[in-house]
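Okay, structure first, notes after.
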Amino acid sequence: MLPNLDHVAEIIREVAARELVPKFTTLTAEDVGEKTPGDFVTAVDLAMERALADALVPLIPGSLVVGEEAVHDDRGILNLLTGDAPVWVLDPLDGTGNFAQGLPIVAVIVALVIKGETVAGWIYDPLSQRMAIASKGEGAYMGSRKLQVVRPAEDRSLNGSIYGRFVRTSEPYQRIWGRGRGALGNVFNARCVGQEYLARLKGRMHFGVYTRMNPWDHAAGILLHQEAGGVARMGDGSNYRPAERGYVCLLTPDEDLWHTMHEQLIKPAMAADAAQAKQ
């Protein structure tokens, strides 16, 4: 049985109000470090992860935690996603680089995974206080509003995010988007996937291509996208699962656009990358 979704949302709000919001634009040099060059971590990431874990685990006795910061120290923690115990998957501060620079493009992402499947997800913008919530088979909501992804009438009005060097350097990417807005619209990467998922749920963005399938980034967002009527599948056409890193994932508002982008961008980019790997 799932915990009360609104109670989890309130915990996320309370923890963010206490540990995250007061630190926005007030971080000191001592509060910011790097896990690897260019991959920032702050005191807020660490405090948020500890506080969320402490508050969420008691809601489901025997549940475990896979948090982004803990996995950095011990990648074996990812194996918990294939076990029988319920797992809270936490991105305590998505968009850390933005946060460290005082840019208000951040999110808190929480997913609940049971037996390898995402059954509930929450994405919270702690600065605007927008919260999107979904549970499997029950739709996606922001407050009382049921969310529905949309596709504009003209493909040139599409907006989306595309990550992955092998995708962005591919011939089809350069042909379609190399000069800015192309036949399939415009590409904009926010450096915060949580905000990109929220934008798609609000109808302000429409598609996404991701190649770093960390579960803390995508487990909640993919569930929310699907529960809002969208399509999300891996590059080989298989369904996303949090325990599988995968190669590339494509999200669109409908099947037609998924197949169009898969044929015009994903398949040729994957083929070119595979051919280069053999050289």
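Labels used: A, B, ... for chains in the order of the structure tokens, numbers from 1 for residues in each chain, and numbers from 1 for ligands as shown.
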Item checked: Spatial neighbours of Gly178 of chain A, 10 Å, only C-alpha atoms, chain gap at least 4 places, as a list in words -> Arg168, Thr169, Glu171, Pro172, Tyr173, Gln174, Gly182 and Val187 of chain A
Notebook entry, point to check: What residues in segment 12-143 of chain A get the DSSP label helix (DSSP H, G or I)? Please answer as an NGL selection string.
Noted result: :A and (12-19 or 21-23 or 29-31 or 43-59 or 68-73 or 75-82 or 96-100)
Just C-alpha atoms for this one: save the residues we selected as a PDB file, in the first residue's frame.
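Contents of result39.pdb, freshly written:
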ATOM      1  CA  ILE A  12       9.154  17.511   0.798  1.00  0.00           C
ATOM      2  CA  ARG A  13       7.843  21.073   1.170  1.00  0.00           C
ATOM      3  CA  GLU A  14       8.788  21.269   4.845  1.00  0.00           C
ATOM      4  CA  VAL A  15      12.291  19.894   4.346  1.00  0.00           C
ATOM      5  CA  ALA A  16      12.942  22.239   1.414  1.00  0.00           C
ATOM      6  CA  ALA A  17      11.626  25.238   3.353  1.00  0.00           C
ATOM      7  CA  ARG A  18      13.985  24.439   6.200  1.00  0.00           C
ATOM      8  CA  GLU A  19      17.139  23.222   4.445  1.00  0.00           C
ATOM      9  CA  VAL A  21      15.191  27.907   0.498  1.00  0.00           C
ATOM     10  CA  PRO A  22      17.089  29.911   3.159  1.00  0.00           C
ATOM     11  CA  LYS A  23      20.376  29.032   1.423  1.00  0.00           C
ATOM     12  CA  ALA A  29      32.517  29.286  -0.679  1.00  0.00           C
ATOM     13  CA  GLU A  30      32.757  26.658   2.073  1.00  0.00           C
ATOM     14  CA  ASP A  31      29.242  25.426   1.189  1.00  0.00           C
ATOM     15  CA  ALA A  43      25.971  21.588   1.835  1.00  0.00           C
ATOM     16  CA  VAL A  44      22.314  21.900   0.843  1.00  0.00           C
ATOM     17  CA  ASP A  45      22.416  18.699  -1.262  1.00  0.00           C
ATOM     18  CA  LEU A  46      23.782  16.774   1.712  1.00  0.00           C
ATOM     19  CA  ALA A  47      21.433  18.276   4.306  1.00  0.00           C
ATOM     20  CA  MET A  48      18.386  17.748   2.069  1.00  0.00           C
ATOM     21  CA  GLU A  49      19.240  14.104   1.400  1.00  0.00           C
ATOM     22  CA  ARG A  50      19.708  13.339   5.091  1.00  0.00           C
ATOM     23  CA  ALA A  51      16.504  15.111   6.112  1.00  0.00           C
ATOM     24  CA  LEU A  52      14.364  13.543   3.370  1.00  0.00           C
ATOM     25  CA  ALA A  53      15.648  10.055   4.160  1.00  0.00           C
ATOM     26  CA  ASP A  54      15.003  10.508   7.880  1.00  0.00           C
ATOM     27  CA  ALA A  55      11.423  11.665   7.244  1.00  0.00           C
ATOM     28  CA  LEU A  56      10.396   9.288   4.442  1.00  0.00           C
ATOM     29  CA  VAL A  57      11.729   5.909   5.574  1.00  0.00           C
ATOM     30  CA  PRO A  58       9.400   5.705   8.623  1.00  0.00           C
ATOM     31  CA  LEU A  59       6.379   6.048   6.320  1.00  0.00           C
ATOM     32  CA  GLU A  68      22.259  10.786  -5.453  1.00  0.00           C
ATOM     33  CA  GLU A  69      24.872  11.865  -2.936  1.00  0.00           C
ATOM     34  CA  ALA A  70      25.055   8.494  -1.191  1.00  0.00           C
ATOM     35  CA  VAL A  71      25.488   6.725  -4.536  1.00  0.00           C
ATOM     36  CA  HIS A  72      28.425   8.985  -5.342  1.00  0.00           C
ATOM     37  CA  ASP A  73      30.184   7.515  -2.306  1.00  0.00           C
ATOM     38  CA  ARG A  75      27.629   2.884  -6.254  1.00  0.00           C
ATOM     39  CA  GLY A  76      26.652  -0.480  -4.813  1.00  0.00           C
ATOM     40  CA  ILE A  77      23.636   1.282  -3.309  1.00  0.00           C
ATOM     41  CA  LEU A  78      22.068   1.168  -6.788  1.00  0.00           C
ATOM     42  CA  ASN A  79      21.622  -2.583  -6.348  1.00  0.00           C
ATOM     43  CA  LEU A  80      18.836  -1.846  -3.860  1.00  0.00           C
ATOM     44  CA  LEU A  81      16.618  -1.011  -6.860  1.00  0.00           C
ATOM     45  CA  THR A  82      16.519  -4.682  -7.867  1.00  0.00           C
ATOM     46  CA  THR A  96      22.962  22.123  -8.114  1.00  0.00           C
ATOM     47  CA  GLY A  97      25.107  24.139 -10.531  1.00  0.00           C
ATOM     48  CA  ASN A  98      22.245  26.560 -11.099  1.00  0.00           C
ATOM     49  CA  PHE A  99      21.624  26.842  -7.360  1.00  0.00           C
ATOM     50  CA  ALA A 100      25.283  27.506  -6.627  1.00  0.00           C
TER      51      ALA A 100
END
Item checked: Shortest interatomic distance to Pro253 of chain A - which of A:Leu127, A:Leu224, A:Cys192, A:Val87, counting only C-alpha atoms ->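 Using only C-alpha atoms, the shortest distance to Pro253 of chain A belongs to A:Leu224.
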Checklist line | Contacts of segment 207-217 of chain A within 9 Å, only C-alpha atoms, excl. fewer than 5 positions in-chain, as an MDAnalysis selection string | finding: chainID A and resid 66:68 78 89:92 94 109:111 158:165 167 192:194 196:197 200 241:253 257:258 266
Please write the residues from the selection above to a file, keeping C-alpha atoms, as an mmCIF file, in the first residue's frame.
data_model
loop_
_atom_site.group_PDB
_atom_site.id
_atom_site.type_symbol
_atom_site.label_atom_id
_atom_site.label_comp_id
_atom_site.auth_asym_id
_atom_site.auth_seq_id
_atom_site.Cartn_x
_atom_site.Cartn_y
_atom_site.Cartn_z
ATOM 1 C CA VAL A 66 18.866 5.471 -3.002
ATOM 2 C CA GLY A 67 20.084 9.055 -2.897
ATOM 3 C CA GLU A 68 22.259 10.786 -5.453
ATOM 4 C CA LEU A 78 22.068 1.168 -6.788
ATOM 5 C CA VAL A 89 14.880 7.469 -4.780
ATOM 6 C CA LEU A 90 16.065 10.982 -3.981
ATOM 7 C CA ASP A 91 17.517 13.871 -5.917
ATOM 8 C CA PRO A 92 17.716 16.307 -3.024
ATOM 9 C CA ASP A 94 18.433 18.899 -8.917
ATOM 10 C CA ILE A 109 12.767 14.961 -7.010
ATOM 11 C CA VAL A 110 11.437 11.963 -5.084
ATOM 12 C CA ALA A 111 10.295 8.605 -6.458
ATOM 13 C CA LEU A 158 7.758 22.372 -30.461
ATOM 14 C CA ASN A 159 10.205 22.988 -27.629
ATOM 15 C CA GLY A 160 12.348 20.349 -25.976
ATOM 16 C CA SER A 161 15.577 19.305 -24.322
ATOM 17 C CA ILE A 162 18.223 17.092 -25.940
ATOM 18 C CA TYR A 163 21.269 15.813 -24.067
ATOM 19 C CA GLY A 164 24.025 13.411 -25.049
ATOM 20 C CA ARG A 165 27.139 14.255 -27.018
ATOM 21 C CA VAL A 167 23.099 12.813 -30.234
ATOM 22 C CA CYS A 192 17.837 20.818 -14.351
ATOM 23 C CA VAL A 193 15.832 17.855 -15.610
ATOM 24 C CA GLY A 194 13.251 18.320 -12.864
ATOM 25 C CA GLU A 196 12.243 20.255 -17.760
ATOM 26 C CA TYR A 197 9.756 17.607 -16.613
ATOM 27 C CA ARG A 200 6.508 19.451 -20.216
ATOM 28 C CA ARG A 241 13.062 0.795 -15.550
ATOM 29 C CA PRO A 242 14.860 2.654 -12.743
ATOM 30 C CA ALA A 243 17.472 -0.062 -12.183
ATOM 31 C CA GLU A 244 18.591 -0.063 -15.826
ATOM 32 C CA ARG A 245 20.817 2.801 -16.912
ATOM 33 C CA GLY A 246 19.987 2.316 -20.584
ATOM 34 C CA TYR A 247 21.491 4.133 -23.533
ATOM 35 C CA VAL A 248 19.071 6.892 -24.486
ATOM 36 C CA CYS A 249 15.477 7.726 -23.580
ATOM 37 C CA LEU A 250 13.010 9.678 -25.723
ATOM 38 C CA LEU A 251 9.955 11.428 -24.278
ATOM 39 C CA THR A 252 7.196 12.951 -26.411
ATOM 40 C CA PRO A 253 3.552 13.954 -25.937
ATOM 41 C CA LEU A 257 6.037 12.368 -32.500
ATOM 42 C CA TRP A 258 7.896 9.574 -30.681
ATOM 43 C CA ILE A 266 17.560 8.595 -32.343
#
Notebook entry, point to check: Which neighbours of Arg145 of chain A fall inside 12 Å, counting only C-alpha atoms, when residues of the same chain fewer than 3 positions from it are skipped, and could you give them as a PyMOL selection string?
Noted result: chain A and resi 130-134+139-142+148+201-202+228
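Between atom CA of Val41 of chain A and atom CA of Ala220 of chain A lies a distance of 21.2 Å.
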Margin query: as a list in words, please: the residues near Lys267 of chain A (cut-off 10 Å, only C-alpha atoms, same-chain neighbours under 4 positions excluded).
Written below: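 My list of contacting residues is Val167, Pro172, Gly235, Asp236, Met261, His262, Glu263, Ala271, Ala272 and Asp273 of chain A.
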Output N, CA and C atoms of each residue in that selection to a file, as a tab-separated table (two decimals), in the first residue's frame.
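Ended up saving to again.tsv:
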chain	number	residue	atom	x	y	z
A	167	VAL	N	24.33	12.36	-29.58
A	167	VAL	CA	23.10	12.81	-30.23
A	167	VAL	C	23.30	14.21	-30.81
A	172	PRO	N	21.86	14.12	-38.15
A	172	PRO	CA	20.47	14.57	-38.14
A	172	PRO	C	20.22	15.71	-37.16
A	235	GLY	N	15.77	4.03	-26.33
A	235	GLY	CA	16.09	4.09	-27.76
A	235	GLY	C	15.81	2.81	-28.51
A	236	ASP	N	15.85	1.66	-27.82
A	236	ASP	CA	15.56	0.38	-28.47
A	236	ASP	C	14.08	0.04	-28.43
A	261	MET	N	10.59	11.32	-34.17
A	261	MET	CA	11.90	11.65	-33.62
A	261	MET	C	12.81	10.43	-33.54
A	262	HIS	N	12.23	9.28	-33.27
A	262	HIS	CA	13.03	8.06	-33.22
A	262	HIS	C	13.64	7.76	-34.58
A	263	GLU	N	12.85	7.88	-35.62
A	263	GLU	CA	13.33	7.57	-36.97
A	263	GLU	C	14.29	8.64	-37.49
A	271	ALA	N	23.08	4.57	-34.51
A	271	ALA	CA	23.82	3.80	-35.52
A	271	ALA	C	25.19	4.41	-35.76
A	272	ALA	N	25.25	5.73	-35.87
A	272	ALA	CA	26.53	6.40	-36.09
A	272	ALA	C	27.46	6.21	-34.90
A	273	ASP	N	26.90	6.25	-33.70
A	273	ASP	CA	27.72	6.07	-32.49
A	273	ASP	C	28.25	4.64	-32.42
Note to self: So the first atom is atom CA of Glu138 of chain A and the second is atom CA of Arg204 of chain A; what is the distance between them in Å, to one decimal place?
What the structure shows: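 Rounded to one decimal, the two atoms are 22.8 Å apart.
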Checklist line | Nearest residue to Arg151 of chain A from the set A:Gly221, A:Gly237, A:Gly230, A:Gly95 (distances using only C-alpha atoms) | finding: A:Gly230
Check: When DSSP works through the backbone of this structure, what residues of segment 27-169 of chain A end up as strand (DSSP E), shown as a ChimeraX atom specification?
Finding: /A:32-36,39-42,64-67,87-94,107-114,117-125,130-135,140-142,145-146,159-162
Serialized selection, C-alpha atoms, as a PDB file, in the first residue's frame:
ATOM      1  CA  VAL A  32      30.194  24.458  -2.393  1.00  0.00           C
ATOM      2  CA  GLY A  33      32.423  21.632  -3.555  1.00  0.00           C
ATOM      3  CA  GLU A  34      32.932  19.415  -6.602  1.00  0.00           C
ATOM      4  CA  LYS A  35      32.451  15.646  -6.759  1.00  0.00           C
ATOM      5  CA  THR A  36      34.264  15.657 -10.093  1.00  0.00           C
ATOM      6  CA  ASP A  39      29.907  18.331 -10.998  1.00  0.00           C
ATOM      7  CA  PHE A  40      28.970  20.488  -8.022  1.00  0.00           C
ATOM      8  CA  VAL A  41      27.746  19.431  -4.613  1.00  0.00           C
ATOM      9  CA  THR A  42      26.685  21.816  -1.859  1.00  0.00           C
ATOM     10  CA  LEU A  64      15.412   1.865   1.874  1.00  0.00           C
ATOM     11  CA  VAL A  65      16.954   4.930   0.215  1.00  0.00           C
ATOM     12  CA  VAL A  66      18.866   5.471  -3.002  1.00  0.00           C
ATOM     13  CA  GLY A  67      20.084   9.055  -2.897  1.00  0.00           C
ATOM     14  CA  VAL A  87      13.057   2.178  -2.218  1.00  0.00           C
ATOM     15  CA  TRP A  88      12.854   5.957  -1.933  1.00  0.00           C
ATOM     16  CA  VAL A  89      14.880   7.469  -4.780  1.00  0.00           C
ATOM     17  CA  LEU A  90      16.065  10.982  -3.981  1.00  0.00           C
ATOM     18  CA  ASP A  91      17.517  13.871  -5.917  1.00  0.00           C
ATOM     19  CA  PRO A  92      17.716  16.307  -3.024  1.00  0.00           C
ATOM     20  CA  LEU A  93      18.714  19.289  -5.171  1.00  0.00           C
ATOM     21  CA  ASP A  94      18.433  18.899  -8.917  1.00  0.00           C
ATOM     22  CA  ALA A 107      13.946  21.066  -8.204  1.00  0.00           C
ATOM     23  CA  VAL A 108      13.585  18.388  -5.562  1.00  0.00           C
ATOM     24  CA  ILE A 109      12.767  14.961  -7.010  1.00  0.00           C
ATOM     25  CA  VAL A 110      11.437  11.963  -5.084  1.00  0.00           C
ATOM     26  CA  ALA A 111      10.295   8.605  -6.458  1.00  0.00           C
ATOM     27  CA  LEU A 112       9.033   5.460  -4.780  1.00  0.00           C
ATOM     28  CA  VAL A 113      10.186   2.244  -6.444  1.00  0.00           C
ATOM     29  CA  ILE A 114       8.731  -1.137  -5.492  1.00  0.00           C
ATOM     30  CA  GLU A 117       8.932  -0.349 -10.814  1.00  0.00           C
ATOM     31  CA  THR A 118       8.227   3.325 -10.141  1.00  0.00           C
ATOM     32  CA  VAL A 119       4.856   3.499  -8.393  1.00  0.00           C
ATOM     33  CA  ALA A 120       4.817   7.150  -7.275  1.00  0.00           C
ATOM     34  CA  GLY A 121       6.714  10.341  -8.013  1.00  0.00           C
ATOM     35  CA  TRP A 122       6.995  13.916  -6.818  1.00  0.00           C
ATOM     36  CA  ILE A 123       8.782  16.873  -8.441  1.00  0.00           C
ATOM     37  CA  TYR A 124       8.879  20.100  -6.458  1.00  0.00           C
ATOM     38  CA  ASP A 125      10.048  23.574  -7.369  1.00  0.00           C
ATOM     39  CA  ARG A 130       4.864  24.132  -7.535  1.00  0.00           C
ATOM     40  CA  MET A 131       4.485  20.394  -6.851  1.00  0.00           C
ATOM     41  CA  ALA A 132       3.647  17.702  -9.411  1.00  0.00           C
ATOM     42  CA  ILE A 133       2.509  14.330  -8.052  1.00  0.00           C
ATOM     43  CA  ALA A 134       1.700  11.024  -9.738  1.00  0.00           C
ATOM     44  CA  SER A 135       0.994   7.452  -8.768  1.00  0.00           C
ATOM     45  CA  ALA A 140      -0.600  13.206 -12.621  1.00  0.00           C
ATOM     46  CA  TYR A 141      -1.647  16.292 -10.710  1.00  0.00           C
ATOM     47  CA  MET A 142      -0.477  19.744  -9.707  1.00  0.00           C
ATOM     48  CA  ARG A 145      -5.427  20.206 -11.624  1.00  0.00           C
ATOM     49  CA  LYS A 146      -5.017  16.987 -13.586  1.00  0.00           C
ATOM     50  CA  ASN A 159      10.205  22.988 -27.629  1.00  0.00           C
ATOM     51  CA  GLY A 160      12.348  20.349 -25.976  1.00  0.00           C
ATOM     52  CA  SER A 161      15.577  19.305 -24.322  1.00  0.00           C
ATOM     53  CA  ILE A 162      18.223  17.092 -25.940  1.00  0.00           C
TER      54      ILE A 162
END
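We find atom CA of Pro104 of chain A and atom CA of Gln195 of chain A to be spaced 10.1 Å apart.
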Check: Between A:Leu103, A:Ala85, A:Met205, A:Ala199, which is the closest to Asn186 of chain A once you count only C-alpha atoms?
Finding: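 Answer, going by the shortest atom-to-atom distance: A:Met205.
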Next item on the list: Rank A:Pro152, A:Gln226, A:Ile105, A:His7 by their smallest atom-to-atom distance to Ala190 of chain A, using only C-alpha atoms, and report the top residue only.
Entry: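 Going through A:Pro152, A:Gln226, A:Ile105, A:His7 one by one, the smallest distance to Ala190 of chain A is for A:Ile105.
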